[in-house]
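Student: One file is attached below, my_file31.txt, containing compact mmCIF, C-alpha atoms.
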```txt
# COMPACT_ATOMS: atom_id res chain seq x y z
CA MET A 9 -13.13 18.55 -43.51
CA SER A 10 -14.02 18.40 -39.83
CA SER A 11 -11.45 17.46 -37.23
CA TYR A 12 -12.02 15.88 -33.83
CA THR A 13 -11.33 18.24 -30.91
CA PRO A 14 -11.23 16.58 -27.48
CA GLN A 15 -12.51 18.41 -24.44
CA THR A 16 -9.86 20.44 -22.66
CA ASP A 17 -9.24 21.08 -18.97
CA LEU A 18 -5.62 22.08 -18.65
CA PRO A 19 -5.60 22.49 -14.82
CA LEU A 20 -6.95 18.95 -14.43
CA GLU A 21 -4.40 17.53 -16.86
CA ARG A 22 -1.58 19.41 -15.15
CA SER A 23 -2.68 18.14 -11.74
CA ARG A 24 -2.51 14.56 -12.99
CA LEU A 25 0.97 15.03 -14.39
CA ILE A 26 2.27 16.99 -11.38
CA GLY A 27 0.76 14.42 -9.02
CA MET A 28 2.59 11.61 -10.77
CA ILE A 29 5.87 13.53 -10.71
CA LEU A 30 5.53 14.17 -6.97
CA GLY A 31 4.50 10.57 -6.49
CA GLY A 32 7.65 9.44 -8.30
CA VAL A 33 9.87 11.58 -6.08
CA SER A 34 8.08 10.31 -2.97
CA TYR A 35 8.41 6.73 -4.16
CA GLY A 36 12.17 7.18 -4.52
CA VAL A 37 12.33 8.40 -0.91
CA TYR A 38 10.11 5.51 0.12
CA LEU A 39 12.42 3.03 -1.60
CA LEU A 40 15.40 4.45 0.29
CA LEU A 41 13.53 4.27 3.62
CA THR A 42 12.52 0.69 2.86
CA VAL A 43 16.12 -0.32 2.19
CA GLN A 44 17.18 1.33 5.45
CA ALA A 45 14.41 -0.41 7.38
CA VAL A 46 15.25 -3.81 5.89
CA THR A 47 18.95 -3.27 6.61
CA ALA A 48 18.21 -2.37 10.23
CA LEU A 49 15.95 -5.40 10.67
CA MET A 50 18.45 -7.77 9.05
CA GLN A 51 21.19 -6.77 11.46
CA ARG A 52 21.74 -9.18 14.31
CA PRO A 53 20.16 -7.60 17.40
CA ARG A 54 21.94 -7.39 20.68
CA ARG A 55 21.03 -9.99 23.22
CA GLY A 56 18.04 -9.11 25.31
CA GLN A 57 16.53 -6.59 22.89
CA LYS A 58 12.80 -6.97 22.25
CA ILE A 59 13.32 -6.35 18.56
CA ALA A 60 14.77 -9.87 18.33
CA ASP A 61 11.32 -11.31 19.05
CA HIS A 62 9.54 -9.29 16.37
CA ARG A 63 12.22 -8.87 13.71
CA ARG A 64 10.77 -11.36 11.23
CA ILE A 65 7.24 -10.02 11.63
CA LEU A 66 8.38 -6.43 11.08
CA LEU A 67 10.47 -7.51 8.09
CA CYS A 68 7.46 -9.20 6.50
CA TYR A 69 5.42 -6.11 7.26
CA VAL A 70 7.93 -3.85 5.49
CA LEU A 71 8.21 -6.08 2.43
CA ILE A 72 4.45 -6.64 2.06
CA THR A 73 3.59 -2.96 2.33
CA PHE A 74 6.42 -2.09 -0.06
CA ALA A 75 5.12 -4.60 -2.62
CA LEU A 76 1.57 -3.26 -2.34
CA SER A 77 2.70 0.36 -2.64
CA THR A 78 4.87 -0.52 -5.63
CA ILE A 79 1.93 -2.16 -7.40
CA SER A 80 -0.25 0.86 -6.69
CA PHE A 81 2.36 3.31 -7.98
CA ALA A 82 3.07 1.15 -11.05
CA CYS A 83 -0.64 1.02 -11.94
CA ASN A 84 -1.00 4.79 -11.62
CA THR A 85 2.10 5.29 -13.76
CA LYS A 86 0.84 2.91 -16.44
CA TYR A 87 -2.53 4.64 -16.60
CA THR A 88 -0.82 8.02 -16.91
CA VAL A 89 1.00 6.65 -19.96
CA MET A 90 -2.31 5.39 -21.30
CA ILE A 91 -3.91 8.83 -20.91
CA TRP A 92 -1.48 10.74 -23.13
CA ILE A 93 -0.02 7.99 -25.33
CA ASP A 94 -1.94 4.72 -25.64
CA LEU A 95 -5.46 6.19 -25.48
CA ARG A 96 -4.86 9.78 -26.52
CA ASP A 97 -7.40 9.50 -29.34
CA ALA A 98 -10.15 8.08 -27.11
CA PRO A 99 -13.49 9.95 -27.06
CA GLY A 100 -13.23 12.95 -24.75
CA GLY A 101 -9.45 12.92 -24.79
CA PRO A 102 -7.25 12.98 -21.64
CA VAL A 103 -9.87 14.84 -19.60
CA ALA A 104 -12.44 12.06 -20.03
CA LEU A 105 -9.82 9.45 -19.18
CA ILE A 106 -8.87 11.30 -15.99
CA GLN A 107 -12.46 11.75 -14.90
CA ASN A 108 -13.52 8.18 -15.73
CA VAL A 109 -10.58 6.41 -14.12
CA MET A 110 -12.74 3.65 -12.65
CA HIS A 111 -13.76 2.49 -16.12
CA TYR A 112 -10.34 0.82 -16.29
CA ARG A 113 -9.51 -2.05 -13.93
CA ILE A 114 -5.91 -0.98 -13.57
CA ASN A 115 -7.06 1.96 -11.45
CA PHE A 116 -9.19 -0.31 -9.27
CA VAL A 117 -6.07 -2.39 -8.56
CA ALA A 118 -4.17 0.79 -7.68
CA ILE A 119 -6.84 1.90 -5.20
CA LEU A 120 -7.19 -1.58 -3.72
CA CYS A 121 -3.45 -1.90 -3.07
CA GLY A 122 -3.37 1.62 -1.61
CA TYR A 123 -6.23 0.85 0.77
CA VAL A 124 -4.73 -2.45 1.92
CA THR A 125 -1.41 -0.70 2.55
CA GLU A 126 -3.26 1.83 4.69
CA TRP A 127 -4.95 -0.98 6.65
CA PHE A 128 -1.56 -2.49 7.45
CA MET A 129 -0.19 0.86 8.54
CA GLN A 130 -3.15 1.67 10.76
CA ALA A 131 -3.01 -1.84 12.23
CA LEU A 132 0.57 -1.18 13.34
CA LEU A 133 -0.55 2.04 15.01
CA VAL A 134 -3.42 0.32 16.80
CA TYR A 135 -1.19 -2.53 17.96
CA ARG A 136 1.47 -0.19 19.32
CA CYS A 137 -1.14 1.91 21.09
CA PHE A 138 -2.50 -1.23 22.78
CA LEU A 139 1.00 -2.19 23.94
CA ILE A 140 1.81 1.24 25.31
CA TRP A 141 -1.48 1.32 27.21
CA ASN A 142 -1.28 -2.35 28.26
CA CYS A 143 -4.52 -3.11 26.36
CA ALA A 144 -6.56 -0.84 28.63
CA ARG A 145 -10.24 -1.14 27.71
CA HIS A 146 -10.90 2.58 27.50
CA VAL A 147 -8.17 2.73 24.86
CA LEU A 148 -8.81 -0.59 23.13
CA ILE A 149 -12.51 -0.04 22.42
CA PRO A 150 -12.42 3.37 20.63
CA MET A 151 -9.28 2.52 18.65
CA PHE A 152 -10.72 -0.81 17.52
CA VAL A 153 -14.10 0.71 16.63
CA VAL A 154 -12.50 3.42 14.49
CA TYR A 155 -10.22 0.88 12.80
CA VAL A 156 -13.05 -1.52 11.95
CA GLY A 157 -15.21 1.39 10.78
CA MET A 158 -12.41 2.55 8.49
CA ILE A 159 -12.13 -0.89 6.87
CA ALA A 160 -15.92 -1.22 6.50
CA VAL A 161 -16.20 2.15 4.77
CA ALA A 162 -13.22 1.33 2.52
CA ILE A 163 -14.92 -1.88 1.40
CA VAL A 164 -18.04 0.11 0.48
CA VAL A 165 -15.87 2.51 -1.55
CA LEU A 166 -14.21 -0.40 -3.36
CA VAL A 167 -17.58 -1.99 -4.18
CA GLN A 168 -18.91 1.28 -5.59
CA ALA A 169 -15.67 1.93 -7.48
CA GLY A 170 -15.83 -1.57 -8.94
CA THR A 171 -19.09 -0.66 -10.67
CA GLY A 172 -17.29 2.02 -12.70
CA ALA A 173 -18.72 4.99 -10.83
CA LEU A 174 -16.96 8.35 -10.98
CA PHE A 175 -14.51 8.16 -8.09
CA TYR A 176 -14.88 11.80 -7.07
CA ASN A 177 -18.65 11.33 -6.86
CA ILE A 178 -18.39 8.48 -4.35
CA ASN A 179 -19.36 10.25 -1.14
CA THR A 180 -18.34 7.24 0.94
CA ALA A 181 -14.72 8.01 0.07
CA LEU A 182 -15.11 11.24 2.02
CA ALA A 183 -16.19 9.25 5.09
CA TYR A 184 -13.13 7.02 4.65
CA LEU A 185 -10.82 10.03 4.72
CA ILE A 186 -12.53 11.31 7.86
CA PHE A 187 -11.95 7.93 9.53
CA LEU A 188 -8.24 8.17 8.61
CA VAL A 189 -7.91 11.57 10.26
CA ALA A 190 -9.89 10.44 13.32
CA ASN A 191 -7.73 7.35 13.78
CA THR A 192 -4.50 9.33 13.36
CA VAL A 193 -5.51 12.08 15.77
CA LEU A 194 -6.80 9.61 18.36
CA TYR A 195 -3.62 7.54 18.17
CA THR A 196 -1.39 10.61 18.47
CA ILE A 197 -3.23 11.94 21.52
CA LEU A 198 -3.22 8.57 23.30
CA VAL A 199 0.44 7.76 22.63
CA ALA A 200 1.74 11.25 23.39
CA THR A 201 -0.29 11.41 26.61
CA ARG A 202 0.95 8.00 27.76
CA LEU A 203 4.60 8.75 27.00
CA LEU A 204 4.44 12.11 28.74
CA SER A 205 2.91 10.43 31.78
CA VAL A 206 5.55 7.68 31.85
CA ARG A 207 8.36 10.21 31.39
CA SER A 208 7.07 12.27 34.30
CA ARG A 209 6.77 9.24 36.61
CA MET A 210 10.20 7.91 35.69
CA LYS A 211 11.78 11.31 36.24
CA THR A 212 10.15 11.60 39.65
CA ALA A 213 10.97 8.03 40.71
CA LEU A 214 14.64 8.26 39.69
CA ALA A 215 15.24 11.79 40.96
CA ASN A 216 16.83 10.45 44.15
CA TYR A 217 19.46 8.56 42.16
CA GLY A 218 20.95 11.67 40.58
CA PRO A 219 20.17 13.86 37.58
CA THR A 220 22.06 11.60 35.16
CA THR A 221 20.19 8.41 36.07
CA TYR A 222 17.34 9.02 33.66
CA ASP A 223 17.64 10.80 30.31
CA PRO A 224 14.21 11.94 29.02
CA SER A 225 15.58 12.83 25.58
CA THR A 226 14.56 9.48 24.10
CA HIS A 227 10.95 9.90 25.16
CA ASP A 228 10.99 13.51 23.91
CA HIS A 229 12.39 12.40 20.56
CA ILE A 230 9.68 9.75 20.11
CA ILE A 231 6.90 12.15 21.07
CA ARG A 232 8.15 14.73 18.56
CA MET A 233 8.33 12.13 15.80
CA VAL A 234 4.82 10.87 16.49
CA VAL A 235 3.30 14.35 16.64
CA GLU A 236 5.15 15.78 13.65
CA SER A 237 4.40 12.83 11.35
CA ALA A 238 0.74 12.86 12.41
CA MET A 239 0.44 16.62 11.84
CA ALA A 240 1.91 16.48 8.33
CA TYR A 241 -0.28 13.54 7.37
CA SER A 242 -3.45 14.98 8.92
CA VAL A 243 -3.01 18.37 7.24
CA PHE A 244 -2.57 16.67 3.88
CA VAL A 245 -5.69 14.53 4.35
CA VAL A 246 -7.73 17.54 5.52
CA ILE A 247 -6.79 19.37 2.31
CA TYR A 248 -7.88 16.27 0.39
CA ILE A 249 -11.18 16.20 2.30
CA VAL A 250 -11.92 19.86 1.55
CA ALA A 251 -11.07 19.46 -2.13
CA PHE A 252 -13.14 16.29 -2.37
CA SER A 253 -16.15 17.83 -0.62
CA VAL A 254 -16.22 20.92 -2.87
CA HIS A 255 -15.66 18.74 -5.98
CA SER A 256 -12.37 20.35 -6.91
CA ASP A 257 -11.17 17.64 -9.29
CA THR A 258 -7.85 19.39 -9.88
CA VAL A 259 -6.75 19.43 -6.22
CA SER A 260 -8.39 16.05 -5.55
CA THR A 261 -6.43 14.44 -8.38
CA LEU A 262 -3.18 15.91 -7.10
CA CYS A 263 -3.87 14.67 -3.56
CA PHE A 264 -5.13 11.29 -4.76
CA LEU A 265 -1.88 10.55 -6.61
CA SER A 266 0.31 11.75 -3.73
CA ILE A 267 -1.51 10.44 -0.66
CA ASN A 268 -0.28 6.85 -0.92
CA GLN A 269 3.34 7.98 -0.84
CA VAL A 270 2.62 10.32 2.08
CA GLN A 271 1.06 7.35 3.87
CA VAL A 272 4.01 5.03 3.33
CA ARG A 273 6.51 7.72 4.30
CA ARG A 274 4.65 8.14 7.58
CA GLN A 275 4.54 4.36 7.87
CA LYS A 276 8.33 4.15 7.78
CA LEU A 277 8.61 6.90 10.41
CA GLU A 278 6.24 4.96 12.64
CA LEU A 279 8.26 1.79 12.04
CA TYR A 280 11.37 3.72 13.07
CA VAL A 281 9.57 4.66 16.27
CA SER A 282 8.91 0.96 16.85
CA LEU A 283 12.61 0.20 16.45
CA ILE A 284 13.50 2.90 18.98
CA LEU A 285 10.93 1.62 21.45
CA ALA A 286 12.28 -1.89 21.13
CA SER A 287 16.02 -1.32 20.94
CA LYS A 288 16.72 1.80 23.01
CA ILE A 289 14.29 2.11 25.86
CA GLY A 290 12.63 -1.28 25.66
CA HIS A 291 9.00 -2.27 26.01
CA CYS A 292 9.04 -2.18 29.80
CA ALA A 293 10.50 1.32 29.92
CA VAL A 294 7.67 2.63 27.80
CA VAL A 295 4.77 0.69 29.19
CA HIS A 296 5.32 0.04 32.86
CA HIS A 297 8.75 0.72 34.29
CA HIS A 298 8.98 -1.21 37.54
CA THR A 299 10.41 1.72 39.46
CA CYS A 300 7.72 4.21 38.58
CA SER A 301 4.55 2.35 37.65
CA ALA A 302 4.43 -0.74 39.78
CA GLY A 303 0.89 -1.91 40.19
CA GLU A 304 -0.29 0.11 37.15
CA GLY A 305 0.10 -2.58 34.53
CA ASN A 306 -3.58 -2.49 33.66
CA ASP A 307 -4.59 1.12 33.72
CA THR A 308 -8.25 1.69 33.17
```
For this file, produce the structure as structure tokens.
Tutor:
Amino acid sequence: MSSYTPQTDLPLERSRLIGMILGGVSYGVYLLLTVQAVTALMQRPRRGQKIADHRRILLCYVLITFALSTISFACNTKYTVMIWIDLRDAPGGPVALIQNVMHYRINFVAILCGYVTEWFMQALLVYRCFLIWNCARHVLIPMFVVYVGMIAVAIVVLVQAGTGALFYNINTALAYLIFLVANTVLYTILVATRLLSVRSRMKTALANYGPTTYDPSTHDHIIRMVVESAMAYSVFVVIYIVAFSVHSDTVSTLCFLSINQVQVRRQKLELYVSLILASKIGHCAVVHHHTCSAGEGNDT
């Protein structure tokens, strides 16, 4: 009597399971950061703080991105259950189910929600960069072009994925990852350069008023946060790009299941930067402090 033996690829199966476990841990951290962000935004701001003008918008932003990320994580979790429990006797076994993820609409929903979450996060970065640079054209144009290009490529990926194609064979997804890295690196360089320039001008302008008049620690703290979060995220995406380009399904699966939570963790760090900019040093102190950058409101 013959018995059915499904194809076996233990490293691939392990990567799926480990990726979901790491994703679950990251989601727990993300939930905690979301609660902290909502709590901070719900607090009554002090009079005169810029955060009062944008509190509702930021609150909606946090809740929408949290809902999208939750849907994405829930879909990935449900499909993981389907792989080893609900559909364990399907032709090809778990390996075929992992490789042919786009044959099931639940995975398309997961990818769609993950992409839209990323669009929201990148939009916040672009908007903040425009504010810090006072919408200077030489900054606005490249940032906007990269952002629009990222969305266009993502739409192409979604269309191809919707046809049931093997996700790791969609070469356009590689271009999307490259756009993510390009946008992150460009944003980090522009923001860090601007803040360093403003810090230097403020320090020079207020030097005559005594060493305690201006404390650069706030600017230094923001710069470190921006650079460190961008470095961690970029390194992770570069690993994903390399694995994707060499068709390493094991590493690609692990990165694919973890990248959304890495994105949203970085998103919360960037939102925290926004709160610092608004509540501690204020928009004017970052963009064009009147004592050190008068007449430079529209740098070009």
Student: Residues of segment 170-275 of chain A that approach segment 92-116 of chain A to 10 Å or less, counting all atoms listed in the file: could you list each one with the shortest pair of atoms and its distance in Å to one decimal, rows by chain and increasing residue number, as CSV?
Tutor:
```
residue,atom,partner,partner_atom,distance
A:Gly170,CA,A:Phe116,CA,6.8
A:Thr171,CA,A:Met110,CA,7.9
A:Gly172,CA,A:Met110,CA,4.8
A:Ala173,CA,A:Met110,CA,6.4
A:Leu174,CA,A:Asn108,CA,5.9
A:Phe175,CA,A:Met110,CA,6.7
A:Tyr176,CA,A:Gln107,CA,8.2
A:Asp257,CA,A:Gln107,CA,8.2
A:Thr261,CA,A:Ile106,CA,8.6
```
Student: Using all atoms listed in the file, can you tell me which of A:Asn191, A:Thr73, A:Thr42, A:Ser34 comes closest to Tyr123 of chain A?
Tutor: A:Thr73
Student: Could you check how far atom CA of Ala181 of chain A sits from atom CA of Ala160 of chain A, in Å to one decimal?
Tutor: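 The value is 11.3 Å.
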Student: By how many Å are atom CA of Ser80 of chain A and atom CA of Cys121 of chain A apart?
Tutor: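 Distance reported for this atom pair: 5.6 Å.
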Student: Counting only C-alpha atoms, figure out which residue out of A:Phe152, A:Ala183, A:Glu21, A:Phe128 gets nearest to Cys68 of chain A.
Tutor: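 Of A:Phe152, A:Ala183, A:Glu21, A:Phe128, the one nearest Cys68 of chain A, counting only C-alpha atoms, is A:Phe128.
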Student: Please return as a VMD selection string every residue within 12 Å of (-9.4, 23.3, -16.6), taking into account only C-alpha atoms and the file's own coordinates.
Tutor: chain A and resid 15 to 24 102 to 103 256 to 259
Student: Find the residue from A:Val206, A:Ile230, A:Ala213, A:Leu133 that sits nearest to Leu194 of chain A; use all atoms listed in the file when measuring.
Tutor: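 Of the candidates, the smallest distance to Leu194 of chain A is held by A:Leu133.
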Student: Using Å and a single decimal, report how far atom CA of Ala162 of chain A sits from atom CA of Val89 of chain A.
Tutor: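 Computing the Euclidean distance for atom CA of Val89 of chain A and atom CA of Ala162 of chain A yields 27.1 Å.
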Student: Counting all atoms listed in the file, which residue out of A:Leu30, A:Val117, A:Val235, A:Val246 sits closest to Ala169 of chain A?
Tutor: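 Closest to Ala169 of chain A, using all atoms listed in the file: A:Val117.
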Student: For segment 97-110 of chain A, what centre and edge lengths in Å (one decimal) does the axis-aligned box get once 5 Å is added on each side of all its listed atoms, as JSON?
Tutor:
```
{"center_x": -10.4, "center_y": 9.2, "center_z": -21.0, "size_x": 16.3, "size_y": 21.2, "size_z": 26.7}
```
